[in-house]
>>> print(open('target35.cif').read())   # mmCIF, C-alpha atoms
data_target
#
loop_
_atom_site.group_PDB
_atom_site.id
_atom_site.type_symbol
_atom_site.label_atom_id
_atom_site.label_comp_id
_atom_site.auth_asym_id
_atom_site.auth_seq_id
_atom_site.Cartn_x
_atom_site.Cartn_y
_atom_site.Cartn_z
ATOM 1 C CA MET O 1 13.744 1.033 -26.344
ATOM 2 C CA TYR O 2 12.136 -1.252 -23.767
ATOM 3 C CA GLU O 3 10.398 1.754 -22.251
ATOM 4 C CA THR O 4 8.831 2.555 -25.618
ATOM 5 C CA ILE O 5 7.640 -1.008 -26.166
ATOM 6 C CA ALA O 6 6.276 -1.193 -22.623
ATOM 7 C CA PHE O 7 4.534 2.165 -22.959
ATOM 8 C CA TYR O 8 2.722 1.273 -26.184
ATOM 9 C CA LEU O 9 1.852 -2.222 -24.934
ATOM 10 C CA PHE O 10 0.489 -0.928 -21.643
ATOM 11 C CA SER O 11 -1.436 1.900 -23.261
ATOM 12 C CA ALA O 12 -3.083 -0.329 -25.870
ATOM 13 C CA LEU O 13 -4.017 -2.947 -23.270
ATOM 14 C CA THR O 14 -5.256 -0.348 -20.777
ATOM 15 C CA ILE O 15 -7.448 1.392 -23.338
ATOM 16 C CA GLY O 16 -8.858 -1.933 -24.524
ATOM 17 C CA LEU O 17 -9.599 -3.136 -20.996
ATOM 18 C CA PHE O 18 -11.201 0.132 -19.956
ATOM 19 C CA LEU O 19 -13.327 0.106 -23.104
ATOM 20 C CA ILE O 20 -14.568 -3.331 -22.023
ATOM 21 C CA THR O 21 -15.265 -1.882 -18.555
ATOM 22 C CA VAL O 22 -17.299 0.954 -19.994
ATOM 23 C CA PHE O 23 -19.196 -0.928 -22.694
ATOM 24 C CA SER O 24 -19.695 -4.404 -21.241
ATOM 25 C CA LYS O 25 -23.181 -5.481 -20.231
ATOM 26 C CA ASN O 26 -21.964 -7.966 -17.642
ATOM 27 C CA VAL O 27 -20.896 -6.681 -14.218
ATOM 28 C CA LEU O 28 -18.388 -9.488 -13.752
ATOM 29 C CA TYR O 29 -16.624 -8.790 -17.050
ATOM 30 C CA ALA O 30 -16.565 -5.063 -16.329
ATOM 31 C CA MET O 31 -15.096 -5.572 -12.871
ATOM 32 C CA THR O 32 -12.459 -8.051 -14.016
ATOM 33 C CA SER O 33 -11.289 -5.838 -16.858
ATOM 34 C CA LEU O 34 -11.206 -2.844 -14.495
ATOM 35 C CA ALA O 35 -8.930 -4.781 -12.117
ATOM 36 C CA ALA O 36 -6.645 -5.830 -14.986
ATOM 37 C CA GLY O 37 -6.490 -2.260 -16.272
ATOM 38 C CA MET O 38 -5.494 -1.024 -12.822
ATOM 39 C CA VAL O 39 -2.643 -3.561 -12.689
ATOM 40 C CA LEU O 40 -1.424 -2.236 -16.035
ATOM 41 C CA ILE O 41 -1.680 1.360 -14.780
ATOM 42 C CA SER O 42 0.652 0.429 -11.941
ATOM 43 C CA GLY O 43 2.979 -0.687 -14.736
ATOM 44 C CA PHE O 44 2.898 2.898 -16.033
ATOM 45 C CA PHE O 45 3.913 4.099 -12.582
ATOM 46 C CA PHE O 46 6.838 1.693 -12.488
ATOM 47 C CA ILE O 47 8.042 2.922 -15.885
ATOM 48 C CA LEU O 48 7.806 6.503 -14.624
ATOM 49 C CA GLY O 49 10.025 5.739 -11.643
ATOM 50 C CA ALA O 50 7.234 6.199 -9.106
ATOM 51 C CA ASP O 51 7.837 2.849 -7.440
ATOM 52 C CA PHE O 52 5.998 3.575 -4.216
ATOM 53 C CA LEU O 53 2.982 4.917 -6.088
ATOM 54 C CA GLY O 54 2.887 1.749 -8.195
ATOM 55 C CA VAL O 55 2.962 -0.452 -5.117
ATOM 56 C CA VAL O 56 0.239 1.639 -3.455
ATOM 57 C CA GLN O 57 -1.832 1.386 -6.639
ATOM 58 C CA LEU O 58 -1.480 -2.400 -6.590
ATOM 59 C CA ILE O 59 -2.302 -2.725 -2.893
ATOM 60 C CA VAL O 60 -5.081 -0.159 -2.594
ATOM 61 C CA TYR O 61 -6.795 -0.338 -5.976
ATOM 62 C CA VAL O 62 -6.330 -3.939 -7.017
ATOM 63 C CA GLY O 63 -6.230 -5.314 -3.502
ATOM 64 C CA ALA O 64 -8.669 -3.280 -1.484
ATOM 65 C CA ILE O 65 -11.042 -1.481 -3.835
ATOM 66 C CA MET O 66 -11.613 -4.380 -6.206
ATOM 67 C CA ALA O 67 -12.098 -6.736 -3.256
ATOM 68 C CA LEU O 68 -14.669 -4.289 -1.889
ATOM 69 C CA TYR O 69 -16.425 -4.205 -5.259
ATOM 70 C CA SER O 70 -16.462 -7.963 -5.515
ATOM 71 C CA PHE O 71 -17.883 -8.284 -2.008
ATOM 72 C CA ALA O 72 -20.524 -5.687 -2.806
ATOM 73 C CA MET O 73 -21.346 -7.516 -6.030
ATOM 74 C CA MET O 74 -22.465 -10.485 -3.955
ATOM 75 C CA PHE O 75 -25.312 -8.322 -2.659
ATOM 76 C CA PHE O 76 -26.525 -7.525 -6.144
ATOM 77 C CA ASP O 77 -27.760 -9.934 -8.751
ATOM 78 C CA SER O 78 -24.645 -9.914 -10.883
ATOM 79 C CA THR O 79 -25.192 -12.988 -13.007
ATOM 80 C CA LYS O 80 -27.802 -11.502 -15.302
ATOM 81 C CA SER O 81 -26.666 -8.991 -17.850
ATOM 82 C CA ILE O 82 -27.680 -5.416 -17.336
ATOM 83 C CA LYS O 83 -30.330 -3.923 -19.553
ATOM 84 C CA GLU O 84 -29.807 -0.260 -19.995
ATOM 85 C CA LYS O 85 -32.114 2.028 -21.844
ATOM 86 C CA ASN O 86 -30.031 4.494 -23.768
ATOM 87 C CA THR O 87 -32.133 7.364 -24.928
ATOM 88 C CA ASN O 88 -29.643 8.901 -27.305
ATOM 89 C CA PRO O 89 -26.437 6.916 -27.841
ATOM 90 C CA ALA O 90 -25.320 9.013 -30.817
ATOM 91 C CA LEU O 91 -25.265 12.174 -28.701
ATOM 92 C CA ILE O 92 -23.143 10.438 -26.076
ATOM 93 C CA PHE O 93 -20.647 9.240 -28.647
ATOM 94 C CA VAL O 94 -20.422 12.706 -30.193
ATOM 95 C CA LEU O 95 -19.951 14.356 -26.785
ATOM 96 C CA GLY O 96 -17.405 11.773 -25.636
ATOM 97 C CA GLY O 97 -15.494 11.974 -28.902
ATOM 98 C CA LEU O 98 -15.456 15.761 -28.856
ATOM 99 C CA SER O 99 -14.226 15.868 -25.256
ATOM 100 C CA ALA O 100 -11.541 13.292 -26.087
ATOM 101 C CA LEU O 101 -10.442 15.333 -29.091
ATOM 102 C CA SER O 102 -10.325 18.595 -27.165
ATOM 103 C CA LEU O 103 -8.455 17.022 -24.233
ATOM 104 C CA VAL O 104 -5.897 15.388 -26.533
ATOM 105 C CA LEU O 105 -5.380 18.650 -28.424
ATOM 106 C CA MET O 106 -4.939 20.524 -25.152
ATOM 107 C CA PHE O 107 -2.397 18.069 -23.809
ATOM 108 C CA ALA O 108 -0.570 17.615 -27.107
ATOM 109 C CA ALA O 109 -0.033 21.372 -27.400
ATOM 110 C CA PRO O 110 3.562 22.394 -26.703
ATOM 111 C CA ILE O 111 4.107 23.308 -23.087
ATOM 112 C CA TYR O 112 6.437 26.227 -22.457
ATOM 113 C CA ASN O 113 8.235 25.216 -19.353
ATOM 114 C CA GLU O 114 10.778 27.949 -18.640
ATOM 115 C CA SER O 115 8.869 29.224 -15.651
ATOM 116 C CA ILE O 116 8.062 25.823 -14.161
ATOM 117 C CA GLN O 117 10.374 24.843 -11.344
ATOM 118 C CA ALA O 118 10.336 21.811 -9.117
ATOM 119 C CA LEU O 119 8.891 22.640 -5.702
ATOM 120 C CA TYR O 120 10.076 19.415 -4.031
ATOM 121 C CA PRO O 121 12.759 18.020 -6.323
ATOM 122 C CA MET O 122 13.727 14.355 -6.290
ATOM 123 C CA HIS O 123 17.155 13.612 -4.873
ATOM 124 C CA GLU O 124 19.839 11.705 -6.697
ATOM 125 C CA GLY O 125 20.836 8.423 -5.147
ATOM 126 C CA VAL O 126 17.815 8.288 -2.852
ATOM 127 C CA GLY O 127 15.124 5.707 -3.378
ATOM 128 C CA ASN O 128 11.670 6.784 -4.414
ATOM 129 C CA ALA O 129 9.982 5.445 -1.274
ATOM 130 C CA GLN O 130 12.452 7.319 0.938
ATOM 131 C CA ASP O 131 11.956 10.547 -1.008
ATOM 132 C CA VAL O 132 8.172 10.208 -0.874
ATOM 133 C CA GLY O 133 8.295 9.530 2.853
ATOM 134 C CA ILE O 134 10.402 12.618 3.555
ATOM 135 C CA VAL O 135 8.096 14.929 1.602
ATOM 136 C CA LEU O 136 4.891 13.266 2.820
ATOM 137 C CA PHE O 137 5.800 13.518 6.492
ATOM 138 C CA THR O 138 7.182 17.045 6.376
ATOM 139 C CA LYS O 139 5.446 19.169 3.760
ATOM 140 C CA TYR O 140 2.217 17.195 3.436
ATOM 141 C CA LEU O 141 1.780 16.073 7.034
ATOM 142 C CA ILE O 142 -1.530 17.875 7.665
ATOM 143 C CA PRO O 143 -3.187 16.623 4.436
ATOM 144 C CA PHE O 144 -1.941 13.154 5.346
ATOM 145 C CA GLU O 145 -3.612 13.328 8.767
ATOM 146 C CA VAL O 146 -6.787 14.751 7.246
ATOM 147 C CA ALA O 147 -6.810 11.871 4.754
ATOM 148 C CA ALA O 148 -6.462 9.447 7.668
ATOM 149 C CA VAL O 149 -9.463 11.030 9.418
ATOM 150 C CA MET O 150 -11.383 10.942 6.130
ATOM 151 C CA LEU O 151 -10.693 7.218 5.752
ATOM 152 C CA LEU O 152 -11.895 6.655 9.318
ATOM 153 C CA VAL O 153 -15.105 8.557 8.599
ATOM 154 C CA ALA O 154 -15.582 6.544 5.409
ATOM 155 C CA MET O 155 -15.057 3.288 7.296
ATOM 156 C CA ILE O 156 -17.623 4.201 9.960
ATOM 157 C CA SER O 157 -20.145 5.355 7.370
ATOM 158 C CA GLY O 158 -19.625 2.208 5.327
ATOM 159 C CA ILE O 159 -20.233 0.023 8.385
ATOM 160 C CA ILE O 160 -23.342 1.971 9.373
ATOM 161 C CA LEU O 161 -24.798 2.094 5.854
ATOM 162 C CA ALA O 162 -24.152 -1.510 4.887
ATOM 163 C CA GLY O 163 -24.297 -3.177 8.301
ATOM 164 C CA LYS O 164 -27.771 -2.080 9.318
ATOM 165 C CA LYS O 165 -30.339 -4.880 9.093
ATOM 166 C CA MET O 166 -27.612 -7.238 7.935
ATOM 167 C CA ASP O 167 -29.639 -10.135 9.367
ATOM 168 C CA GLN O 168 -32.421 -9.622 6.844
ATOM 169 C CA SER O 169 -31.866 -11.407 3.572
ATOM 170 C CA LEU O 170 -31.480 -9.355 0.428
ATOM 171 C CA THR O 171 -32.348 -12.029 -2.085
ATOM 172 C CA LYS O 172 -35.776 -13.091 -1.031
ATOM 173 C CA ASP O 173 -35.991 -16.753 -0.231
ATOM 174 C CA THR O 174 -39.772 -17.015 -0.107
ATOM 175 C CA CYS O 175 -40.125 -20.413 1.537
ATOM 176 C CA VAL O 176 -37.810 -19.394 4.378
ATOM 177 C CA ASP O 177 -39.709 -16.125 4.697
ATOM 178 C CA ASP O 178 -42.992 -18.049 4.877
ATOM 179 C CA GLU O 179 -41.577 -20.282 7.589
ATOM 180 C CA ILE O 180 -40.555 -17.235 9.588
ATOM 181 C CA LEU O 181 -44.022 -15.754 9.125
ATOM 182 C CA ILE O 182 -45.665 -19.005 10.260
ATOM 183 C CA LYS O 183 -43.462 -19.078 13.346
ATOM 184 C CA LYS O 184 -44.413 -15.499 14.122
ATOM 185 C CA ASP O 185 -48.104 -16.347 13.687
ATOM 186 C CA VAL O 186 -47.778 -19.290 16.056
ATOM 187 C CA LYS O 187 -46.213 -17.025 18.630
ATOM 188 C CA MET Q 1 11.550 8.233 -27.089
ATOM 189 C CA ILE Q 2 8.493 8.610 -24.923
ATOM 190 C CA GLY Q 3 7.902 12.153 -23.730
ATOM 191 C CA LEU Q 4 5.529 13.851 -21.388
ATOM 192 C CA THR Q 5 3.059 14.484 -24.197
ATOM 193 C CA HIS Q 6 2.642 10.752 -24.811
ATOM 194 C CA TYR Q 7 1.612 10.172 -21.223
ATOM 195 C CA LEU Q 8 -0.700 13.172 -21.168
ATOM 196 C CA VAL Q 9 -2.400 12.017 -24.364
ATOM 197 C CA ILE Q 10 -2.919 8.499 -23.035
ATOM 198 C CA SER Q 11 -4.257 9.975 -19.811
ATOM 199 C CA ALA Q 12 -6.664 12.184 -21.786
ATOM 200 C CA LEU Q 13 -7.868 9.197 -23.802
ATOM 201 C CA ILE Q 14 -8.507 7.094 -20.696
ATOM 202 C CA PHE Q 15 -10.240 10.035 -19.025
ATOM 203 C CA SER Q 16 -12.500 10.396 -22.065
ATOM 204 C CA ILE Q 17 -13.328 6.688 -21.942
ATOM 205 C CA GLY Q 18 -14.381 7.151 -18.326
ATOM 206 C CA LEU Q 19 -16.381 10.260 -19.211
ATOM 207 C CA MET Q 20 -18.173 8.378 -21.978
ATOM 208 C CA GLY Q 21 -19.000 5.662 -19.463
ATOM 209 C CA VAL Q 22 -20.392 8.203 -17.003
ATOM 210 C CA LEU Q 23 -22.530 9.672 -19.768
ATOM 211 C CA ARG Q 24 -23.938 6.428 -21.143
ATOM 212 C CA ARG Q 25 -24.264 4.149 -18.124
ATOM 213 C CA ARG Q 26 -27.640 3.803 -16.436
ATOM 214 C CA ASN Q 27 -26.565 1.300 -13.779
ATOM 215 C CA LEU Q 28 -25.108 2.817 -10.604
ATOM 216 C CA LEU Q 29 -22.446 0.131 -10.108
ATOM 217 C CA MET Q 30 -21.234 0.665 -13.679
ATOM 218 C CA LEU Q 31 -21.176 4.421 -13.041
ATOM 219 C CA PHE Q 32 -18.825 3.757 -10.134
ATOM 220 C CA PHE Q 33 -16.533 1.744 -12.430
ATOM 221 C CA ALA Q 34 -16.456 4.641 -14.879
ATOM 222 C CA THR Q 35 -15.494 7.105 -12.143
ATOM 223 C CA GLU Q 36 -12.665 4.773 -11.109
ATOM 224 C CA VAL Q 37 -11.400 4.849 -14.689
ATOM 225 C CA MET Q 38 -11.406 8.656 -14.642
ATOM 226 C CA LEU Q 39 -9.528 8.796 -11.315
ATOM 227 C CA ASN Q 40 -6.887 6.414 -12.654
ATOM 228 C CA ALA Q 41 -6.404 8.539 -15.761
ATOM 229 C CA VAL Q 42 -5.693 11.588 -13.607
ATOM 230 C CA ASN Q 43 -3.210 9.553 -11.561
ATOM 231 C CA ILE Q 44 -1.258 8.682 -14.721
ATOM 232 C CA ALA Q 45 -1.045 12.367 -15.662
ATOM 233 C CA PHE Q 46 0.170 13.313 -12.176
ATOM 234 C CA ALA Q 47 2.833 10.596 -12.129
ATOM 235 C CA ALA Q 48 4.046 11.548 -15.619
ATOM 236 C CA ILE Q 49 4.336 15.255 -14.771
ATOM 237 C CA SER Q 50 6.091 14.343 -11.538
ATOM 238 C CA HIS Q 51 8.620 12.281 -13.486
ATOM 239 C CA TYR Q 52 9.319 14.753 -16.281
ATOM 240 C CA TYR Q 53 9.576 17.848 -14.079
ATOM 241 C CA ASN Q 54 11.568 15.927 -11.450
ATOM 242 C CA ASP Q 55 9.122 17.023 -8.754
ATOM 243 C CA LEU Q 56 7.486 14.908 -6.073
ATOM 244 C CA THR Q 57 4.325 17.007 -5.726
ATOM 245 C CA GLY Q 58 2.536 15.112 -8.486
ATOM 246 C CA GLN Q 59 3.059 11.793 -6.722
ATOM 247 C CA MET Q 60 1.768 13.304 -3.466
ATOM 248 C CA PHE Q 61 -1.441 14.392 -5.168
ATOM 249 C CA ALA Q 62 -1.775 10.945 -6.710
ATOM 250 C CA PHE Q 63 -1.563 9.422 -3.213
ATOM 251 C CA PHE Q 64 -4.303 11.684 -1.934
ATOM 252 C CA ILE Q 65 -6.440 10.854 -4.969
ATOM 253 C CA ILE Q 66 -6.035 7.147 -4.173
ATOM 254 C CA ALA Q 67 -7.081 7.804 -0.544
ATOM 255 C CA ILE Q 68 -10.120 9.767 -1.715
ATOM 256 C CA ALA Q 69 -11.034 7.015 -4.187
ATOM 257 C CA ALA Q 70 -10.850 4.406 -1.416
ATOM 258 C CA SER Q 71 -13.160 6.345 0.894
ATOM 259 C CA GLU Q 72 -15.490 7.157 -2.005
ATOM 260 C CA VAL Q 73 -15.838 3.464 -2.763
ATOM 261 C CA ALA Q 74 -16.515 2.598 0.890
ATOM 262 C CA VAL Q 75 -19.264 5.202 1.284
ATOM 263 C CA GLY Q 76 -20.653 4.707 -2.220
ATOM 264 C CA LEU Q 77 -20.987 0.953 -1.914
ATOM 265 C CA GLY Q 78 -22.754 1.380 1.435
ATOM 266 C CA ILE Q 79 -25.235 3.715 -0.229
ATOM 267 C CA LEU Q 80 -25.650 1.279 -3.141
ATOM 268 C CA ILE Q 81 -26.459 -1.575 -0.748
ATOM 269 C CA VAL Q 82 -29.050 0.573 1.032
ATOM 270 C CA LEU Q 83 -30.580 1.571 -2.309
ATOM 271 C CA TYR Q 84 -30.679 -2.020 -3.483
ATOM 272 C CA LYS Q 85 -32.406 -3.102 -0.276
ATOM 273 C CA LYS Q 86 -34.984 -0.367 -0.734
ATOM 274 C CA HIS Q 87 -35.694 -0.511 -4.471
ATOM 275 C CA GLY Q 88 -34.448 -3.892 -5.633
ATOM 276 C CA SER Q 89 -32.519 -2.455 -8.550
ATOM 277 C CA LEU Q 90 -29.642 -0.112 -9.253
ATOM 278 C CA ASP Q 91 -31.022 1.368 -12.444
ATOM 279 C CA LEU Q 92 -31.053 5.149 -12.429
ATOM 280 C CA ASP Q 93 -34.350 5.266 -14.326
ATOM 281 C CA ASP Q 94 -36.018 3.124 -11.651
ATOM 282 C CA LEU Q 95 -34.500 5.182 -8.862
ATOM 283 C CA ALA Q 96 -35.686 8.522 -10.235
ATOM 284 C CA ASN Q 97 -38.804 9.276 -8.232
ATOM 285 C CA MET Q 98 -39.064 13.000 -8.771
ATOM 286 C CA LYS Q 99 -41.111 13.977 -11.780
ATOM 287 C CA GLY Q 100 -39.882 17.008 -13.589
#
>>> encode(input="target35.cif", output="structure tokens")
Amino acid sequence: MYETIAFYLFSALTIGLFLITVFSKNVLYAMTSLAAGMVLISGFFFILGADFLGVVQLIVYVGAIMALYSFAMMFFDSTKSIKEKNTNPALIFVLGGLSALSLVLMFAAPIYNESIQALYPMHEGVGNAQDVGIVLFTKYLIPFEVAAVMLLVAMISGIILAGKKMDQSLTKDTCVDDEILIKKDVK
Amino acid sequence: MIGLTHYLVISALIFSIGLMGVLRRRNLLMLFFATEVMLNAVNIAFAAISHYYNDLTGQMFAFFIIAIAASEVAVGLGILIVLYKKHGSLDLDDLANMKG
């Protein structure tokens, strides 16, 4: 009963928030609604019994990724609304609607599940985090290490890409620039 | 009672919202938001299948998707900052400099 109410509430709110994300003209509104939608998606994970995944979603997506976006937004001029030239909006709506329809029909089709068996079944009486840890550090150890190396590579590339010429101002403050130029001329 | 199909349908709808965003957005930052929406939709489907087939593999793949999304954001935002320093805008029509 509560699961049903929570499912419909979360799905309606998530779809509404993500529609705002996709159709809003303001970066701040889009980012805020994206963060709220991700919190609600972690709610889905908690309903589904994937506690550890929900916590990771909250920490990584809402905590880290949205913080990264909001820091990056300070580099861009985010106060003005974005003007986008849409060449053919009707085509996009038709394509998006058709793909939505086909995906929903595909997933709503009955799935014959006699041949599907659990490869790493969940254990009764064991917490989700414990179960995840056992499978992650035995069967998926090499992908886990590769993901760690990938995150390291991403961190280094992020530092190199964004950190170069960090001392130069992005938003041009012309009077300060002129002062610097005058100082250089004097030298 | 909520079944697997409910979750798959909601995941398909959210994925289509993200796809529509990728198709219609012209701003690179907004394109990144739309890809995040699509990644989250796939995560819901994985978690739902993992729950209803009593298998942990779906959750594992969801973890790796989250790791990939995190590194994608780190690299992508670095590239966006470099592009913004160079061109002064993030509009795809301004950034297109190959005529064809």
>>> closest_residue(input="target35.cif", among="O:Val62, O:Val146, O:Ala154, O:Ile182", to="chain Q", atoms="only C-alpha atoms")
O:Ala154
>>> residues_near_point(input="target35.cif", point="(7.8, 19.5, -10.0)", cutoff="10 Å", atoms="all atoms listed in the file", output="list in words")
Ile116, Gln117, Ala118, Leu119, Tyr120, Pro121 and Met122 of chain O; Ile49, Ser50, His51, Tyr52, Tyr53, Asn54, Asp55, Leu56, Thr57, Gly58 and Gln59 of chain Q
>>> write_last_selection(input="target35.cif", atoms="C-alpha atoms", output="PDB file, in the coordinates of the input")
ATOM      1  CA  ILE O 116       8.062  25.823 -14.161  1.00  0.00           C
ATOM      2  CA  GLN O 117      10.374  24.843 -11.344  1.00  0.00           C
ATOM      3  CA  ALA O 118      10.336  21.811  -9.117  1.00  0.00           C
ATOM      4  CA  LEU O 119       8.891  22.640  -5.702  1.00  0.00           C
ATOM      5  CA  TYR O 120      10.076  19.415  -4.031  1.00  0.00           C
ATOM      6  CA  PRO O 121      12.759  18.020  -6.323  1.00  0.00           C
ATOM      7  CA  MET O 122      13.727  14.355  -6.290  1.00  0.00           C
TER       8      MET O 122
ATOM      9  CA  ILE Q  49       4.336  15.255 -14.771  1.00  0.00           C
ATOM     10  CA  SER Q  50       6.091  14.343 -11.538  1.00  0.00           C
ATOM     11  CA  HIS Q  51       8.620  12.281 -13.486  1.00  0.00           C
ATOM     12  CA  TYR Q  52       9.319  14.753 -16.281  1.00  0.00           C
ATOM     13  CA  TYR Q  53       9.576  17.848 -14.079  1.00  0.00           C
ATOM     14  CA  ASN Q  54      11.568  15.927 -11.450  1.00  0.00           C
ATOM     15  CA  ASP Q  55       9.122  17.023  -8.754  1.00  0.00           C
ATOM     16  CA  LEU Q  56       7.486  14.908  -6.073  1.00  0.00           C
ATOM     17  CA  THR Q  57       4.325  17.007  -5.726  1.00  0.00           C
ATOM     18  CA  GLY Q  58       2.536  15.112  -8.486  1.00  0.00           C
ATOM     19  CA  GLN Q  59       3.059  11.793  -6.722  1.00  0.00           C
TER      20      GLN Q  59
END
>>> interface_residues(input="target35.cif", of="chain O", to="chain Q", cutoff="6 Å", atoms="all atoms listed in the file", output="list in words")
Val22, Leu48, Glu84, Gly96, Ala100, Leu103, Val104, Phe107, Ala108, Ala118, Tyr120, Pro121, Met122, Leu151, Ala154, Gly158, Leu161 and Ala162 of chain O
>>> residues_around(input="target35.cif", residues="Thr32 of chain O", least_positions_apart="4", cutoff="10 Å", atoms="only C-alpha atoms", output="list of chain:residue names")
O:Leu17, O:Ile20, O:Thr21, O:Val27, O:Leu28, O:Ala36, O:Gly37, O:Met38, O:Met66, O:Ser70
>>> atom_distance(input="target35.cif", atom1="atom CA of Met1 of chain O", atom2="atom CA of Phe46 of chain O")
15.5 Å
>>> closest_residue(input="target35.cif", among="Q:Leu95, Q:Leu39, Q:Leu28, Q:Leu83", to="Tyr61 of chain O", atoms="all atoms listed in the file")
Q:Leu39
>>> atom_distance(input="target35.cif", atom1="atom CA of Val56 of chain O", atom2="atom CA of Thr14 of chain O")
18.3 Å
>>> atom_distance(input="target35.cif", atom1="atom CA of Met155 of chain O", atom2="atom CA of Leu141 of chain O")
21.1 Å
>>> resolve_selection(input="target35.cif", expression="the PyMOL selection byres ((chain O and resi 128-133) around 8)", output="PDB file with C-alpha atoms, keeping the file's coordinate frame")
ATOM      1  CA  GLY O  49      10.025   5.739 -11.643  1.00  0.00           C
ATOM      2  CA  ALA O  50       7.234   6.199  -9.106  1.00  0.00           C
ATOM      3  CA  ASP O  51       7.837   2.849  -7.440  1.00  0.00           C
ATOM      4  CA  PHE O  52       5.998   3.575  -4.216  1.00  0.00           C
ATOM      5  CA  MET O 122      13.727  14.355  -6.290  1.00  0.00           C
ATOM      6  CA  HIS O 123      17.155  13.612  -4.873  1.00  0.00           C
ATOM      7  CA  VAL O 126      17.815   8.288  -2.852  1.00  0.00           C
ATOM      8  CA  GLY O 127      15.124   5.707  -3.378  1.00  0.00           C
ATOM      9  CA  ILE O 134      10.402  12.618   3.555  1.00  0.00           C
ATOM     10  CA  VAL O 135       8.096  14.929   1.602  1.00  0.00           C
ATOM     11  CA  LEU O 136       4.891  13.266   2.820  1.00  0.00           C
ATOM     12  CA  PHE O 137       5.800  13.518   6.492  1.00  0.00           C
TER      13      PHE O 137
ATOM     14  CA  LEU Q  56       7.486  14.908  -6.073  1.00  0.00           C
ATOM     15  CA  GLN Q  59       3.059  11.793  -6.722  1.00  0.00           C
ATOM     16  CA  MET Q  60       1.768  13.304  -3.466  1.00  0.00           C
TER      17      MET Q  60
END
>>> axis_aligned_box(input="target35.cif", around="segment 56-75 of chain O", padding_each_side="6 Å", output="JSON")
{"center_x": -12.5, "center_y": -4.4, "center_z": -4.3, "size_x": 37.6, "size_y": 24.1, "size_z": 17.5}
